[in-house]
Protein chains: 2
Amino acid sequence: MNETGYVHEDTKKAVNLAIEQLNYSPNEVARSLYKRKSRLIGLLLPDITNPFFPLLARGVEDEMRLHDFRIIFGNTDEDHEKEQDYIQTFQQNNVIGIISMTNNLSKSNYNDMPIPVVFLDRTSSNHPSVYADGKEGGRIAAHEMIKRNSKRITLIKGPAHLQTAQDRFKGALEVLSSSNVDFYVMSTTSFSFKDAEKWARDLFEKYEDTDGVIASNDIVATAVLHEALRTGRKIPEDIQIIGFDDIPHSSLLFPPLSTIRQPAYEMGREAAKLLLNIIKNKKLDIKNIQLPVSFIERSTTRKDEANV
Amino acid sequence: MNETGYVHEDTKKAVNLAIEQLNYSPNEVARSLYKRKSRLIGLLLPDITNPFFPLLARGVEDEMRLHDFRIIFGNTDEDHEKEQDYIQTFQQNNVIGIISMTNNLSKSNYNDMPIPVVFLDRTSSNHPSVYADGKEGGRIAAHEMIKRNSKRITLIKGPAHLQTAQDRFKGALEVLSSSNVDFYVMSTTSFSFKDAEKWARDLFEKYEDTDGVIASNDIVATAVLHEALRTGRKIPEDIQIIGFDDIPHSSLLFPPLSTIRQPAYEMGREAAKLLLNIIKNKKLDIKNIQLPVSFIERSTTRKDEANV
DNA sequence: TTGAAAGCGGTACCAT
DNA sequence: ATGGTACCGCTTTCAA
């Protein structure tokens, strides 16, 4: 039945017939018990409700499906215990590997794991990982902002504990520093919209004549957009805004948000492929895959006159 | 170990010690093999990338987690084959039950299932299900629209194959019919934003002086909002808009969208509870749980002067 | 109370 | 080429 060696055609036929008639399909659990590995993989993410993660998750799932693997998933809420909990039950279910999008602050969770783990949207030097080129993203954002003639730029620095957020920040800072524009750096501690609304108000009070905002992600950019509109500014005439991520929501805003796109779906697929490769080759060598970002020009930035 | 009968304290201690020392945790696969059921449940949804579903999924997960069940999920893309495929592997993995948010057009998939299935966000008379009171939602939307003085209302009728969309439509139609306002019904075939953009353009061409739109869901409402803004209408002064669902995105729009809220997260939890109950009681009796909807007043509707 | 054994449904190996 | 058997790790039952 597993196509090993030679089989009489008759028996083959008989067996296939039986399979059809009985509507037989093998019991994965028994298989998994004997082989000590299932066709399941574990997926850990902070919160599926946050619009950035479904894209990644979908990429992982689609790629895994091609290879007949299924996904057990868990929302960790960045809670160390939940994370540990899920990791345990993943192992109890003989998952073949884990893809984690959680903050690897809690790296300790992943030490001495008998199964491969790849990090997604997280940089890591101790583990294989897949992420976007945030630093370059920051550079691009700053470039585009300057090129399009903003002169008093606000750079919003995302949560310090998120490496990816810091990369973006550093990239943008690098470009702004070596340019001739004025700029103002605003530190923030989360990506929550509620918080971002407050910062946005603050921002326009403290730096009333800013004419360009580089936000730490699209949610924060949305809050800035709101506040700009609310205070009667014209977009993009009075103020330009660039976000980061390109979540689906961003193109649905009015005006649609210009942003730096992370290829989230592709990142998910790459992570899945990487995990699969690691499993196949049993080489647990650390491999970090960085995907390129791109500027998505929509309507919160002005036309680049020089290039028209 | 399973607290059955009496055990010497000494042996108990010894065992517990060993458990700790060896960092032992039971193999769920072996358990599942013997018991013929795992602690896994299968979750089927059209597309996790669509912002409405993560809310439901999160509800299901959180409730299941409380009872130590884990989730295997699959996106079906409303594709009969994928759906069938996932259902099969769910069974191969001894899931204890399935929660499905797919279109039960393909109901045939669910006949003669040896394990319980509950439908979520779908009405069904053949199976247990959890859904929101769409009809009442439609009524509320129409009421609010009229109460707030729209006189030439457009009612957008969602995809015919979605029972939930039809319920909303019927509810709104019922109220509009028995009122004195003029209204125009526009039929649509999907919830995609791209399509909705076209319909929105159409709408304002064909019915230029409409002053109130009841959209089939929040995505469609967003497209209408866009087009209204683009054509220079003032919201809510010139035109009011009410959506349906209350996805997170809706409060992030500018102006924030007034909408009929489905308690998605709670629906997810209820579905999980229902499934768990069915499993516990082995009664496979059909139970349909309907949850109430509510009007979320934001800024695409005017103040209700009469009630101030 | 505790230990031994059978069986869940597959896979892999060995002998026929 | 095919049939038999041990084993994966746990639960349950039965005997000691």
# chains A, B, ... in the order shown; residues from 1 in each chain; ligands from 1

$ select_by_dssp --residues "range 33-173 of chain B" --states "strand (DSSP E)" --output "list in words"
Leu40, Ile41, Gly42, Leu43, Leu44, Leu45, Arg70, Ile71, Ile72, Phe73, Gly74, Asn75, Ile98, Ile99, Ser100, Val117, Val118, Phe119, Leu120, Ser129, Val130, Tyr131, Ala132, Arg152, Ile153, Thr154, Leu155, Ile156 and Lys157 of chain B

$ interface_residues --of "chain C" --to "chain B" --cutoff "12 Å" --atoms "only C-alpha atoms (C1' of nucleotides)" --output "NGL selection string"
:C and (1-2 or 6-10)

$ write_last_selection --atoms "C-alpha atoms (C1' of nucleotides)" --output "compact mmCIF listing (two decimals), in the first residue's frame"
# COMPACT_ATOMS: atom_id res chain seq x y z
C1' DT C 1 -3.43 -1.12 46.98
C1' DT C 2 -0.38 -2.60 43.24
C1' DA C 6 -4.37 -6.43 26.58
C1' DG C 7 -5.57 -3.26 23.13
C1' DC C 8 -6.16 1.37 20.54
C1' DG C 9 -4.39 1.42 14.78
C1' DG C 10 -0.91 1.97 12.56

$ interface_residues --of "chain D" --to "chain B" --cutoff "10 Å" --atoms "only C-alpha atoms (C1' of nucleotides)" --output "PyMOL selection string"
chain D and resi 8-12

$ atom_distance --atom1 "CA of Glu83 in chain A" --atom2 "CA of Tyr24 in chain B"
18.2 Å

$ closest_atom_pairs --of "range 182-274 of chain B" --to "range 278-299 of chain B" --cutoff "6 Å" --atoms "only C-alpha atoms" --output "CSV"
residue,atom,partner,partner_atom,distance
B:Pro255,CA,B:Ser299,CA,5.6
B:Pro256,CA,B:Ser299,CA,5.3
B:Leu257,CA,B:Arg298,CA,5.6
B:Ser258,CA,B:Arg298,CA,4.4
B:Thr259,CA,B:Ile296,CA,5.2
B:Ile260,CA,B:Phe295,CA,4.6
B:Arg261,CA,B:Ser294,CA,5.2
B:Gln262,CA,B:Val293,CA,5.1

$ write_last_selection --atoms "C-alpha atoms" --output "mmCIF file, in the first residue's frame"
data_model
loop_
_atom_site.group_PDB
_atom_site.id
_atom_site.type_symbol
_atom_site.label_atom_id
_atom_site.label_comp_id
_atom_site.auth_asym_id
_atom_site.auth_seq_id
_atom_site.Cartn_x
_atom_site.Cartn_y
_atom_site.Cartn_z
ATOM 1 C CA PRO B 255 -15.437 59.656 10.538
ATOM 2 C CA PRO B 256 -15.873 56.557 12.691
ATOM 3 C CA LEU B 257 -18.616 54.364 11.328
ATOM 4 C CA SER B 258 -21.991 53.931 12.984
ATOM 5 C CA THR B 259 -22.943 50.304 12.723
ATOM 6 C CA ILE B 260 -24.968 47.363 13.957
ATOM 7 C CA ARG B 261 -22.754 45.331 16.182
ATOM 8 C CA GLN B 262 -22.642 41.578 16.146
#

$ atom_distance --atom1 "CA of Gln92 in chain A" --atom2 "CA of Pro46 in chain B"
28.5 Å

$ atom_distance --atom1 "CA of Glu144 in chain A" --atom2 "CA of Tyr184 in chain A"
16.9 Å

$ residues_around --residues "DA4 in chain C" --least-positions-apart "4" --cutoff "12 Å" --atoms "only C-alpha atoms (C1' of nucleotides)" --output "JSON, numbers by chain"
{"D": [13, 14, 15, 16]}

$ write_last_selection --atoms "C-alpha atoms (C1' of nucleotides)" --output "PDB file, in the first residue's frame"
ATOM      1  C1'  DT D  13      -9.362  -4.310  33.560  1.00  0.00           C
ATOM      2  C1'  DC D  14      -8.278  -8.175  36.239  1.00  0.00           C
ATOM      3  C1'  DA D  15      -5.437 -10.797  39.365  1.00  0.00           C
ATOM      4  C1'  DA D  16      -2.459 -10.966  43.015  1.00  0.00           C
TER       5       DA D  16
END

$ interface_residues --of "chain A" --to "chain B" --cutoff "9 Å" --atoms "only C-alpha atoms" --output "mmCIF file with C-alpha atoms, in the first residue's frame"
data_model
loop_
_atom_site.group_PDB
_atom_site.id
_atom_site.type_symbol
_atom_site.label_atom_id
_atom_site.label_comp_id
_atom_site.auth_asym_id
_atom_site.auth_seq_id
_atom_site.Cartn_x
_atom_site.Cartn_y
_atom_site.Cartn_z
ATOM 1 C CA SER A 25 -8.773 6.717 5.807
ATOM 2 C CA PRO A 26 -5.768 6.007 7.966
ATOM 3 C CA ASN A 27 -5.759 6.997 11.575
ATOM 4 C CA GLU A 28 -3.235 9.765 11.935
ATOM 5 C CA VAL A 29 -3.124 9.336 15.656
ATOM 6 C CA ALA A 30 -1.892 5.768 15.513
ATOM 7 C CA SER A 32 1.774 9.635 14.966
ATOM 8 C CA LEU A 33 2.139 7.439 18.024
ATOM 9 C CA ARG A 36 6.630 9.891 17.248
ATOM 10 C CA SER A 38 2.374 13.899 13.589
ATOM 11 C CA LEU A 40 0.739 18.898 12.747
ATOM 12 C CA ASP A 47 -3.308 37.964 18.863
ATOM 13 C CA ILE A 48 -5.136 36.860 15.758
ATOM 14 C CA THR A 49 -7.414 39.836 16.260
ATOM 15 C CA ASN A 50 -4.601 42.210 15.382
ATOM 16 C CA PRO A 51 -4.917 42.671 11.619
ATOM 17 C CA PHE A 53 -1.148 38.491 11.996
ATOM 18 C CA PRO A 54 -3.875 36.863 9.963
ATOM 19 C CA LEU A 55 -1.850 37.620 6.847
ATOM 20 C CA ALA A 57 -0.938 32.975 9.569
ATOM 21 C CA ARG A 58 -2.621 32.532 6.251
ATOM 22 C CA GLU A 61 -1.297 27.690 6.537
ATOM 23 C CA ASP A 62 -1.407 27.761 2.769
ATOM 24 C CA ARG A 70 -2.161 21.080 9.505
ATOM 25 C CA ILE A 71 -1.937 23.808 12.082
ATOM 26 C CA ILE A 72 -2.693 24.033 15.763
ATOM 27 C CA PHE A 73 -2.634 27.628 16.795
ATOM 28 C CA GLY A 74 -2.566 29.627 19.965
ATOM 29 C CA ASN A 75 -2.878 33.284 20.895
ATOM 30 C CA TYR A 86 0.812 26.062 24.277
ATOM 31 C CA GLN A 88 3.760 22.063 25.998
ATOM 32 C CA THR A 89 0.564 20.907 24.414
ATOM 33 C CA GLN A 91 4.768 18.818 22.087
ATOM 34 C CA GLN A 92 2.241 16.541 23.690
ATOM 35 C CA ASN A 93 0.610 16.330 20.326
ATOM 36 C CA ASN A 94 3.846 15.433 18.588
ATOM 37 C CA PHE A 193 -4.998 52.569 18.786
ATOM 38 C CA ILE A 219 -2.432 51.614 13.373
ATOM 39 C CA THR A 222 -4.343 55.828 11.432
ATOM 40 C CA ALA A 223 -4.532 57.640 14.744
ATOM 41 C CA LEU A 225 -4.513 60.634 10.291
ATOM 42 C CA HIS A 226 -7.614 60.969 12.457
ATOM 43 C CA LEU A 229 -8.288 65.471 9.937
ATOM 44 C CA ARG A 230 -9.985 66.395 13.172
ATOM 45 C CA PRO A 248 -5.597 45.571 4.599
ATOM 46 C CA HIS A 249 -7.231 48.316 6.605
ATOM 47 C CA LEU A 252 -9.591 51.359 3.140
ATOM 48 C CA LEU A 253 -8.881 54.594 4.931
ATOM 49 C CA PHE A 254 -9.798 57.935 3.521
ATOM 50 C CA PRO A 255 -7.528 59.120 2.193
#

$ decode --residues "chain C" --atoms "N, CA and C atoms (P, O5', C5', C4', C3', O3' and C1' of nucleotides)" --output "short mmCIF file (atom, residue, chain, number, x, y, z; two decimals), in the first residue's frame"
data_model
loop_
_atom_site.label_atom_id
_atom_site.label_comp_id
_atom_site.auth_asym_id
_atom_site.auth_seq_id
_atom_site.Cartn_x
_atom_site.Cartn_y
_atom_site.Cartn_z
P DT C 1 -6.55 1.17 50.01
"O5'" DT C 1 -5.38 1.18 48.96
"C5'" DT C 1 -4.10 1.60 49.16
"C4'" DT C 1 -3.22 0.56 48.57
"C3'" DT C 1 -2.47 1.04 47.32
"O3'" DT C 1 -1.08 0.90 47.57
"C1'" DT C 1 -3.43 -1.12 46.98
P DT C 2 0.04 1.46 46.66
"O5'" DT C 2 0.24 0.24 45.66
"C5'" DT C 2 0.89 -0.94 46.14
"C4'" DT C 2 0.95 -1.95 45.02
"C3'" DT C 2 1.61 -1.42 43.73
"O3'" DT C 2 2.69 -2.29 43.44
"C1'" DT C 2 -0.38 -2.60 43.24
P DG C 3 3.77 -1.88 42.36
"O5'" DG C 3 3.67 -3.12 41.36
"C5'" DG C 3 3.53 -4.43 41.89
"C4'" DG C 3 3.09 -5.37 40.79
"C3'" DG C 3 3.75 -5.11 39.43
"O3'" DG C 3 4.13 -6.36 38.87
"C1'" DG C 3 1.40 -5.02 39.19
P DA C 4 4.89 -6.45 37.52
"O5'" DA C 4 3.91 -7.35 36.65
"C5'" DA C 4 2.91 -8.18 37.28
"C4'" DA C 4 1.98 -8.71 36.20
"C3'" DA C 4 2.55 -8.67 34.78
"O3'" DA C 4 2.06 -9.81 34.08
"C1'" DA C 4 0.65 -7.31 34.85
P DA C 5 2.40 -10.06 32.58
"O5'" DA C 5 1.05 -9.58 31.88
"C5'" DA C 5 -0.18 -10.19 32.25
"C4'" DA C 5 -1.26 -9.77 31.26
"C3'" DA C 5 -0.79 -9.73 29.81
"O3'" DA C 5 -1.89 -10.06 28.98
"C1'" DA C 5 -1.46 -7.59 30.42
P DA C 6 -1.68 -10.37 27.47
"O5'" DA C 6 -3.03 -9.82 26.84
"C5'" DA C 6 -4.22 -9.72 27.65
"C4'" DA C 6 -5.08 -8.60 27.08
"C3'" DA C 6 -4.98 -8.46 25.57
"O3'" DA C 6 -6.27 -8.16 25.06
"C1'" DA C 6 -4.37 -6.43 26.58
P DG C 7 -6.59 -8.27 23.53
"O5'" DG C 7 -6.74 -6.73 23.17
"C5'" DG C 7 -7.73 -5.93 23.81
"C4'" DG C 7 -7.52 -4.49 23.39
"C3'" DG C 7 -7.24 -4.33 21.89
"O3'" DG C 7 -8.01 -3.24 21.42
"C1'" DG C 7 -5.57 -3.26 23.13
P DC C 8 -8.49 -3.23 19.92
"O5'" DC C 8 -8.45 -1.69 19.56
"C5'" DC C 8 -9.09 -0.70 20.34
"C4'" DC C 8 -8.31 0.59 20.21
"C3'" DC C 8 -7.73 0.78 18.80
"O3'" DC C 8 -8.65 1.56 18.03
"C1'" DC C 8 -6.16 1.37 20.54
P DG C 9 -9.08 1.02 16.63
"O5'" DG C 9 -7.83 1.38 15.71
"C5'" DG C 9 -7.54 2.74 15.45
"C4'" DG C 9 -6.23 2.82 14.72
"C3'" DG C 9 -6.17 2.02 13.42
"O3'" DG C 9 -5.47 2.82 12.49
"C1'" DG C 9 -4.39 1.42 14.78
P DG C 10 -5.66 2.67 10.98
"O5'" DG C 10 -4.37 3.45 10.46
"C5'" DG C 10 -3.26 2.74 9.98
"C4'" DG C 10 -2.05 3.04 10.86
"C3'" DG C 10 -0.74 2.61 10.25
"O3'" DG C 10 -0.16 3.73 9.59
"C1'" DG C 10 -0.91 1.97 12.56
P DT C 11 0.87 3.44 8.44
"O5'" DT C 11 2.16 2.91 9.20
"C5'" DT C 11 2.92 3.83 9.96
"C4'" DT C 11 4.16 3.14 10.45
"C3'" DT C 11 5.07 2.60 9.35
"O3'" DT C 11 6.39 2.96 9.73
"C1'" DT C 11 4.51 0.85 10.83
P DA C 12 7.58 2.89 8.66
"O5'" DA C 12 8.39 1.62 9.17
"C5'" DA C 12 8.81 1.58 10.52
"C4'" DA C 12 9.36 0.20 10.80
"C3'" DA C 12 10.24 -0.36 9.67
"O3'" DA C 12 11.34 -1.02 10.28
"C1'" DA C 12 8.50 -1.86 10.15
P DC C 13 12.62 -1.32 9.37
"O5'" DC C 13 13.18 -2.63 10.07
"C5'" DC C 13 12.69 -3.01 11.37
"C4'" DC C 13 12.36 -4.49 11.39
"C3'" DC C 13 13.22 -5.33 10.43
"O3'" DC C 13 13.84 -6.38 11.16
"C1'" DC C 13 10.93 -5.87 10.20
P DC C 14 15.06 -7.21 10.47
"O5'" DC C 14 14.53 -8.68 10.70
"C5'" DC C 14 13.63 -8.98 11.79
"C4'" DC C 14 12.85 -10.23 11.45
"C3'" DC C 14 13.64 -11.21 10.57
"O3'" DC C 14 13.52 -12.53 11.09
"C1'" DC C 14 11.54 -10.72 9.58
P DA C 15 14.44 -13.68 10.45
"O5'" DA C 15 13.29 -14.72 10.07
"C5'" DA C 15 12.22 -14.95 11.00
"C4'" DA C 15 11.06 -15.60 10.27
"C3'" DA C 15 11.47 -16.78 9.38
"O3'" DA C 15 10.55 -17.87 9.58
"C1'" DA C 15 10.36 -15.15 8.06
P DT C 16 10.89 -19.29 8.91
"O5'" DT C 16 9.77 -19.40 7.78
"C5'" DT C 16 8.40 -19.19 8.12
"C4'" DT C 16 7.62 -18.77 6.88
"C3'" DT C 16 7.68 -19.81 5.75
"O3'" DT C 16 6.38 -20.40 5.59
"C1'" DT C 16 7.92 -17.58 4.94
#
